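Okay, input33.cif now, which holds mmCIF, C-alpha atoms:
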```cif
data_start
#
loop_
_atom_site.label_atom_id
_atom_site.label_comp_id
_atom_site.auth_asym_id
_atom_site.auth_seq_id
_atom_site.Cartn_x
_atom_site.Cartn_y
_atom_site.Cartn_z
CA MET A 1 154.63 107.20 141.17
CA ALA A 2 152.57 104.89 143.34
CA ALA A 3 149.45 107.05 143.14
CA ALA A 4 149.22 106.44 139.41
CA ARG A 5 148.82 102.68 139.79
CA GLY A 6 145.11 102.85 140.47
CA ASP A 7 144.55 104.86 137.30
CA ALA A 8 143.16 102.63 134.53
CA ASN A 9 145.02 104.71 131.98
CA ALA A 10 148.39 104.43 133.67
CA PRO A 11 150.99 101.94 132.47
CA SER A 12 150.51 98.68 134.36
CA GLY A 13 153.11 98.77 137.11
CA VAL A 14 156.61 100.12 137.10
CA GLU A 15 159.30 98.01 135.44
CA ILE A 16 162.66 97.80 137.13
CA GLU A 17 165.14 96.66 134.55
CA ARG A 18 168.86 96.64 133.96
CA LYS A 19 170.40 96.34 130.53
CA PHE A 20 173.87 95.23 129.53
CA LEU A 21 175.96 94.77 126.45
CA VAL A 22 177.15 91.21 125.83
CA LYS A 23 180.82 90.23 125.73
CA GLU A 24 180.19 86.73 124.47
CA THR A 25 177.16 84.51 124.17
CA PRO A 26 176.89 82.08 127.06
CA THR A 27 177.34 78.36 126.64
CA GLY A 28 174.15 76.32 126.28
CA LEU A 29 172.38 79.08 124.38
CA ASP A 30 171.04 76.67 121.76
CA ALA A 31 169.08 74.84 124.44
CA CYS A 32 167.33 78.01 125.67
CA PRO A 33 163.83 78.97 124.61
CA ARG A 34 163.81 81.70 122.02
CA GLY A 35 161.47 83.81 119.97
CA GLU A 36 161.68 86.15 117.03
CA ILE A 37 160.79 89.76 117.73
CA GLU A 38 159.92 92.31 115.10
CA GLN A 39 159.15 95.82 116.28
CA GLY A 40 158.56 98.87 114.14
CA TYR A 41 157.30 102.40 114.52
CA VAL A 42 154.13 103.31 112.61
CA ALA A 43 154.03 106.91 113.78
CA LEU A 44 156.10 109.15 116.02
CA ASP A 45 154.55 112.48 116.84
CA GLY A 46 155.82 114.57 119.71
CA GLY A 47 155.60 112.43 122.81
CA VAL A 48 153.31 109.88 121.15
CA GLU A 49 154.60 106.66 119.61
CA VAL A 50 152.55 104.09 117.75
CA ARG A 51 154.33 100.81 117.24
CA VAL A 52 153.66 97.25 116.19
CA ARG A 53 155.42 94.28 117.64
CA ARG A 54 155.42 90.61 116.85
CA TYR A 55 156.84 88.12 119.33
CA GLY A 56 156.54 84.55 118.14
CA ASP A 57 152.88 83.94 117.27
CA GLN A 58 151.52 87.05 118.91
CA ALA A 59 151.36 90.56 117.55
CA PHE A 60 150.49 93.82 119.25
CA LEU A 61 149.78 97.41 118.43
CA THR A 62 150.86 99.80 121.17
CA ILE A 63 150.16 103.49 121.56
CA LYS A 64 152.37 105.10 124.11
CA SER A 65 152.66 108.63 125.33
CA GLY A 66 155.59 109.75 127.39
CA GLY A 67 154.61 113.38 127.42
CA ASP A 68 154.63 115.43 130.59
CA ARG A 69 150.92 116.06 130.52
CA VAL A 70 149.62 112.64 129.56
CA ARG A 71 151.43 109.37 130.18
CA LEU A 72 149.73 106.27 128.95
CA GLU A 73 150.25 102.96 127.20
CA GLU A 74 147.45 101.17 125.40
CA GLU A 75 148.18 97.78 123.89
CA PHE A 76 145.97 95.88 121.43
CA GLU A 77 146.54 92.32 120.33
CA ILE A 78 146.26 92.24 116.54
CA ASP A 79 145.97 89.43 114.03
CA PRO A 80 148.74 88.54 111.57
CA ARG A 81 147.06 90.30 108.65
CA ARG A 82 146.82 93.56 110.56
CA PHE A 83 150.41 93.15 111.70
CA ARG A 84 151.66 92.74 108.14
CA ALA A 85 149.63 95.72 106.93
CA LEU A 86 150.90 98.01 109.69
CA TRP A 87 154.44 96.62 109.42
CA SER A 88 154.53 98.01 105.88
CA LEU A 89 154.39 101.51 107.41
CA THR A 90 157.47 100.97 109.57
CA GLU A 91 160.16 100.78 106.91
CA GLY A 92 163.38 102.38 108.11
CA ARG A 93 162.20 102.31 111.74
CA ARG A 94 162.43 98.65 112.64
CA ILE A 95 164.09 96.33 115.08
CA GLN A 96 164.39 92.64 114.30
CA LYS A 97 165.97 90.39 116.87
CA THR A 98 166.02 86.90 118.33
CA ARG A 99 165.32 86.81 122.05
CA TYR A 100 166.79 83.99 124.14
CA LEU A 101 165.46 83.37 127.65
CA ILE A 102 168.34 82.38 129.91
CA PRO A 103 167.81 81.25 133.49
CA ALA A 104 170.00 83.07 136.02
CA ALA A 105 170.65 82.93 139.75
CA ALA A 106 167.96 83.80 142.30
CA GLY A 107 165.15 82.81 139.95
CA LEU A 108 165.98 85.64 137.58
CA ARG A 109 165.81 85.41 133.83
CA ILE A 110 168.11 87.12 131.38
CA GLU A 111 166.63 88.13 128.06
CA LEU A 112 169.42 88.06 125.52
CA ASP A 113 168.58 89.90 122.31
CA VAL A 114 170.57 89.17 119.15
CA TYR A 115 169.78 91.89 116.63
CA HIS A 116 169.48 91.39 112.89
CA GLU A 117 169.34 93.40 109.67
CA ALA A 118 170.57 96.98 110.12
CA LEU A 119 171.50 96.24 113.73
CA ALA A 120 173.36 92.99 113.06
CA GLY A 121 176.29 92.59 115.45
CA LEU A 122 174.52 94.15 118.39
CA LEU A 123 173.66 91.99 121.39
CA THR A 124 172.02 93.24 124.55
CA ALA A 125 170.73 91.53 127.67
CA GLU A 126 167.97 92.69 129.96
CA ILE A 127 166.92 91.53 133.39
CA GLU A 128 163.68 92.53 135.06
CA PHE A 129 163.46 92.75 138.83
CA ASP A 130 160.67 92.78 141.40
CA SER A 131 162.27 95.53 143.45
CA SER A 132 165.01 98.14 143.41
CA ALA A 133 166.79 96.13 146.08
CA ALA A 134 166.89 93.04 143.85
CA ALA A 135 168.13 95.15 140.95
CA ALA A 136 170.92 96.62 143.06
CA ALA A 137 171.92 93.18 144.40
CA PHE A 138 172.25 91.63 140.93
CA THR A 139 175.75 90.53 140.01
CA PRO A 140 176.00 90.17 136.24
CA PRO A 141 177.48 86.89 135.00
CA GLU A 142 180.90 86.97 133.38
CA TRP A 143 179.55 86.96 129.82
CA LEU A 144 177.80 90.31 130.23
CA GLY A 145 179.66 93.51 129.38
CA ALA A 146 179.11 97.19 130.09
CA GLU A 147 175.85 98.25 131.67
CA VAL A 148 173.74 100.48 129.40
CA THR A 149 170.58 100.76 131.51
CA ASP A 150 170.63 104.54 131.36
CA ASP A 151 172.24 104.94 127.95
CA PRO A 152 169.61 106.41 125.62
CA ARG A 153 171.42 105.09 122.54
CA TYR A 154 170.28 101.58 123.44
CA LYS A 155 166.58 102.36 123.80
CA ASN A 156 164.51 100.43 121.27
CA LYS A 157 163.16 103.55 119.62
CA ARG A 158 166.57 105.10 119.25
CA LEU A 159 168.04 101.89 117.82
CA ALA A 160 165.15 101.61 115.37
CA ILE A 161 165.52 105.16 114.11
CA GLU A 162 169.23 105.87 114.39
CA GLY A 163 170.70 102.38 114.11
CA LEU A 164 173.84 101.12 115.80
CA PRO A 165 175.44 103.49 118.30
CA ALA A 166 178.65 104.95 116.85
CA MET B 1 141.46 101.21 91.13
CA ALA B 2 139.35 98.07 90.78
CA ALA B 3 142.35 95.74 91.08
CA ALA B 4 142.98 96.93 94.62
CA ARG B 5 139.61 95.79 95.92
CA GLY B 6 140.69 92.20 96.37
CA ASP B 7 143.62 93.27 98.51
CA ALA B 8 142.82 92.71 102.19
CA ASN B 9 144.97 95.70 103.09
CA ALA B 10 143.26 98.08 100.70
CA PRO B 11 140.60 100.48 101.94
CA SER B 12 137.23 98.77 101.66
CA GLY B 13 135.73 100.11 98.47
CA VAL B 14 135.89 103.57 97.00
CA GLU B 15 133.64 106.21 98.51
CA ILE B 16 131.92 108.63 96.17
CA GLU B 17 130.87 111.62 98.20
CA ARG B 18 129.85 115.21 97.71
CA LYS B 19 130.10 117.79 100.45
CA PHE B 20 128.29 121.10 100.79
CA LEU B 21 128.10 124.03 103.12
CA VAL B 22 124.69 124.64 104.66
CA LYS B 23 122.69 127.83 104.12
CA GLU B 24 120.06 127.03 106.71
CA THR B 25 119.06 123.94 108.61
CA PRO B 26 116.10 122.16 107.01
CA THR B 27 112.70 122.00 108.66
CA GLY B 28 111.96 118.83 110.57
CA LEU B 29 115.53 118.44 111.73
CA ASP B 30 114.51 117.69 115.30
CA ALA B 31 112.69 114.58 114.14
CA CYS B 32 115.74 113.16 112.36
CA PRO B 33 117.99 110.53 113.91
CA ARG B 34 121.20 112.02 115.20
CA GLY B 35 124.42 111.03 116.89
CA GLU B 36 127.32 112.75 118.57
CA ILE B 37 130.67 112.40 116.87
CA GLU B 38 134.00 113.06 118.50
CA GLN B 39 137.09 112.62 116.38
CA GLY B 40 140.65 113.44 117.31
CA TYR B 41 144.16 112.85 116.04
CA VAL B 42 146.49 110.85 118.27
CA ALA B 43 149.47 111.02 115.92
CA LEU B 44 150.24 112.54 112.55
CA ASP B 45 153.52 111.48 111.02
CA GLY B 46 154.24 111.98 107.36
CA GLY B 47 151.49 110.22 105.45
CA VAL B 48 150.33 108.27 108.50
CA GLU B 49 147.45 109.37 110.68
CA VAL B 50 146.25 107.68 113.84
CA ARG B 51 142.87 108.85 115.01
CA VAL B 52 140.12 107.92 117.43
CA ARG B 53 136.47 108.43 116.75
CA ARG B 54 133.34 107.98 118.80
CA TYR B 55 129.95 107.88 117.12
CA GLY B 56 127.13 107.34 119.58
CA ASP B 57 127.96 104.20 121.58
CA GLN B 58 130.74 102.98 119.34
CA ALA B 59 134.37 104.02 119.30
CA PHE B 60 137.12 103.25 116.85
CA LEU B 61 140.83 103.59 116.45
CA THR B 62 141.91 104.06 112.85
CA ILE B 63 145.37 104.00 111.35
CA LYS B 64 145.46 105.39 107.87
CA SER B 65 148.25 105.89 105.41
CA GLY B 66 147.80 108.02 102.35
CA GLY B 67 151.40 107.80 101.26
CA ASP B 68 152.37 107.07 97.69
CA ARG B 69 154.07 103.82 98.54
CA VAL B 70 151.65 102.34 101.03
CA ARG B 71 147.95 103.15 101.19
CA LEU B 72 145.99 101.45 103.89
CA GLU B 73 143.31 101.92 106.49
CA GLU B 74 143.03 99.69 109.53
CA GLU B 75 140.15 100.23 111.91
CA PHE B 76 139.78 98.75 115.40
CA GLU B 77 136.68 98.96 117.53
CA ILE B 78 137.74 100.08 121.00
CA ASP B 79 135.96 100.18 124.34
CA PRO B 80 134.98 103.43 126.09
CA ARG B 81 137.93 103.30 128.50
CA ARG B 82 140.44 103.03 125.66
CA PHE B 83 138.64 105.80 123.81
CA ARG B 84 138.88 108.16 126.78
CA ALA B 85 142.55 107.33 127.32
CA LEU B 86 143.47 107.93 123.69
CA TRP B 87 141.20 110.98 123.45
CA SER B 88 143.41 112.63 126.07
CA LEU B 89 146.21 112.63 123.46
CA THR B 90 144.18 114.54 120.89
CA GLU B 91 143.92 117.92 122.58
CA GLY B 92 144.05 120.73 120.05
CA ARG B 93 143.33 118.32 117.18
CA ARG B 94 139.69 117.48 117.67
CA ILE B 95 136.38 117.64 115.89
CA GLN B 96 133.14 117.47 117.86
CA LYS B 97 129.89 117.54 115.98
CA THR B 98 126.30 116.36 115.97
CA ARG B 99 125.38 114.37 112.88
CA TYR B 100 121.78 114.39 111.66
CA LEU B 101 120.63 111.80 109.14
CA ILE B 102 118.21 113.40 106.72
CA PRO B 103 116.33 111.40 104.09
CA ALA B 104 116.59 112.83 100.59
CA ALA B 105 115.21 112.06 97.13
CA ALA B 106 116.12 108.84 95.29
CA GLY B 107 116.74 106.94 98.52
CA LEU B 108 119.73 109.11 99.33
CA ARG B 109 120.65 110.27 102.80
CA ILE B 110 122.17 113.58 103.72
CA GLU B 111 124.50 113.64 106.70
CA LEU B 112 124.27 117.10 108.22
CA ASP B 113 127.11 117.85 110.62
CA VAL B 114 126.75 120.66 113.15
CA TYR B 115 130.16 121.40 114.60
CA HIS B 116 130.84 122.40 118.18
CA GLU B 117 133.62 123.81 120.33
CA ALA B 118 136.37 125.48 118.29
CA LEU B 119 134.39 124.86 115.08
CA ALA B 120 131.06 126.18 116.37
CA GLY B 121 129.12 127.90 113.60
CA LEU B 122 130.26 125.51 110.89
CA LEU B 123 127.70 123.23 109.26
CA THR B 124 128.47 120.82 106.44
CA ALA B 125 126.43 118.18 104.66
CA GLU B 126 127.70 115.06 102.96
CA ILE B 127 125.99 112.65 100.63
CA GLU B 128 127.41 109.28 99.68
CA PHE B 129 126.62 107.75 96.29
CA ASP B 130 126.79 104.29 94.76
CA SER B 131 128.21 105.55 91.48
CA SER B 132 129.75 108.58 89.82
CA ALA B 133 126.62 108.85 87.70
CA ALA B 134 124.41 109.12 90.78
CA ALA B 135 126.77 111.71 92.25
CA ALA B 136 126.63 113.79 89.10
CA ALA B 137 122.84 113.54 88.89
CA PHE B 138 122.30 114.79 92.43
CA THR B 139 120.48 118.09 92.70
CA PRO B 140 121.13 119.62 96.11
CA PRO B 141 118.05 120.77 98.03
CA GLU B 142 117.53 124.48 98.50
CA TRP B 143 118.96 124.55 102.03
CA LEU B 144 122.43 123.45 100.90
CA GLY B 145 125.00 126.07 99.98
CA ALA B 146 128.33 126.04 98.15
CA GLU B 147 129.84 122.71 97.24
CA VAL B 148 133.16 122.04 99.01
CA THR B 149 133.77 118.46 97.90
CA ASP B 150 137.24 119.32 96.61
CA ASP B 151 138.07 122.08 99.06
CA PRO B 152 140.86 120.80 101.30
CA ARG B 153 139.98 123.33 104.02
CA TYR B 154 136.89 121.28 104.84
CA LYS B 155 138.64 117.94 105.26
CA ASN B 156 138.23 116.58 108.78
CA LYS B 157 141.95 116.53 109.45
CA ARG B 158 142.41 120.10 108.28
CA LEU B 159 139.44 121.32 110.33
CA ALA B 160 140.75 119.53 113.41
CA ILE B 161 144.23 121.02 113.10
CA GLU B 162 143.65 124.43 111.58
CA GLY B 163 140.13 125.21 112.73
CA LEU B 164 137.54 127.19 110.82
CA PRO B 165 138.49 128.21 107.28
CA ALA B 166 139.23 131.94 107.16
#
```
Translate this structure into structure tokens?
Amino acid sequence: MAAARGDANAPSGVEIERKFLVKETPTGLDACPRGEIEQGYVALDGGVEVRVRRYGDQAFLTIKSGGDRVRLEEEFEIDPRRFRALWSLTEGRRIQKTRYLIPAAAGLRIELDVYHEALAGLLTAEIEFDSSAAAAAFTPPEWLGAEVTDDPRYKNKRLAIEGLPA
Amino acid sequence: MAAARGDANAPSGVEIERKFLVKETPTGLDACPRGEIEQGYVALDGGVEVRVRRYGDQAFLTIKSGGDRVRLEEEFEIDPRRFRALWSLTEGRRIQKTRYLIPAAAGLRIELDVYHEALAGLLTAEIEFDSSAAAAAFTPPEWLGAEVTDDPRYKNKRLAIEGLPA
């Protein structure tokens, strides 16, 4: 909704993403930059989610509302002590994964996520696009599998709470 | 629990407070310092509460867990824009009150809260003490009514969610 972009409380921009399962990891993966991601849910209440996320050296607290009435996303950078404290509230609702950044054609970048702990065995790949046209034009490389962009079972929250899709 | 005080994740110190209803407002109230307090609950999930609070010019986001396993309280100062955004998520779970700071005997200070909106008509007064002995020794002034220190109906969260006690 373009009109929402000027609203300081609106999420910053619209993300156009496609998500795929992974048939096999690509060659050269060890040479790609990577980071450890830990994400957990502190509170889930109706349309409101409160989560913490660590990516490498940085940690964030995010409050997100996807409700019909109020849509917003507020993100706070937090220090490691705060992250550890809040992380203790997320038990049973966590995602831990290694993210590899893989260069792709047309200046795109594939984010390959290798999940750990309860989600071990799962691999997904996401690509973010500047436009719907670019998203539609994307031809996935051979090592990517089924597209799960619109499959709710592969949303982070769902994976954190319900675990591996059956 | 004294041992917990060295823990960076533990709530900072133990508060010893007594809370009373108010029979009548004391004379000289208009001359006392006062501030407007708005407090609302963004998310309530099991033992975890996420709330925002504005007191005069300052606003805070607080994440609190009262669970058996993990007890913590993390407070973040937030700017007015963040406060307004998060406040929009608290509809139906809010407290709005004017707090008057009233000097009392023995260097104590009575915080008189005059509630507004859905809680209009309610007045409570709280006094914080340095020690259990000081709390026990406190003789409430004539204008205070029944003590509700241990009455769960007068907890902020309960008032915000359930409204005025029947």
Q: Find the residues near segment 131-134 of chain B: any atom within 10 Å, counting only C-alpha atoms, skip ones fewer than 3 places away on the same chain, and give them as an MDAnalysis selection string.
A: chainID B and resid 14:17 106 108 128 137:139
Q: Quick one: apply the PyMOL selection byres ((chain A) within 10 of (chain B)) to the file and drop the selected residues here as a VMD selection string.
A: chain A and resid 8 to 10 42 to 50 63 to 65 67 69 to 76 78 81 to 82 84 to 86 88 to 89
Q | Selection result of the PyMOL selection byres ((chain B and resi 114) around 10) on this file, as a list in words | A |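 In the shown coordinates, the PyMOL selection byres ((chain B and resi 114) around 10) covers Val22, Thr25, Glu36, Ile37, Gln96, Lys97, Thr98, Arg99, Tyr100, Glu111, Leu112, Asp113, Tyr115, His116, Leu119, Ala120, Gly121, Leu122, Leu123, Thr124 and Ala125 of chain B.
Atom pair atom CA of Tyr55 of chain A / atom CA of Gly163 of chain A: separated by 20.6 Å.
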Residue by residue, what does the PyMOL selection byres ((chain A and resi 147-149) around 6) grab here? Present the result as a CSV table (one decimal) with C-alpha atoms, in the coordinates of the input.
```csv
chain,number,residue,atom,x,y,z
A,18,ARG,CA,168.9,96.6,134.0
A,19,LYS,CA,170.4,96.3,130.5
A,20,PHE,CA,173.9,95.2,129.5
A,146,ALA,CA,179.1,97.2,130.1
A,150,ASP,CA,170.6,104.5,131.4
A,151,ASP,CA,172.2,104.9,128.0
```
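Reported to one decimal place, the separation of atom CA of Phe60 of chain A from atom CA of Asp79 of chain A is 8.2 Å.
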Q: Report the distance between atom CA of Ala31 of chain A and atom CA of Ala135 of chain A in Å, rounded to one decimal place.
A: 26.2 Å
Q. So, counting only C-alpha atoms, which residue among A:Glu38, A:Glu142, A:Asp130, A:Asp30 is closest to Ile95 of chain A?
A. A:Glu38
Q: Rank nothing, just name the residue among A:Ala59, A:Leu164, A:Ile110, A:Val52 nearest to Glu91 of chain A, using only C-alpha atoms.
A: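 Smallest separation from Glu91 of chain A among the options: A:Val52.
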Q. If I put a ball of radius 7 Å at (121.2, 128.6, 101.2) in the file's coordinates, which residues poke into it when counting only C-alpha atoms, written as a list in words?
A.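 Checking each residue against the 7 Å limit leaves Val22, Lys23, Glu24, Glu142, Trp143, Leu144 and Gly145 of chain B.
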Q | Neighbours of point (139.7, 123.2, 106.9) within 7 Å, using all atoms listed in the file, written as a PyMOL selection string | A | chain B and resi 152-155+158-159+162-165
Q: Find the residues around Ala160 of chain A up to 8 Å (all atoms listed in the file counted), leave out those fewer than 4 positions away in its own chain, and share them as a count of residues only.
A: 7
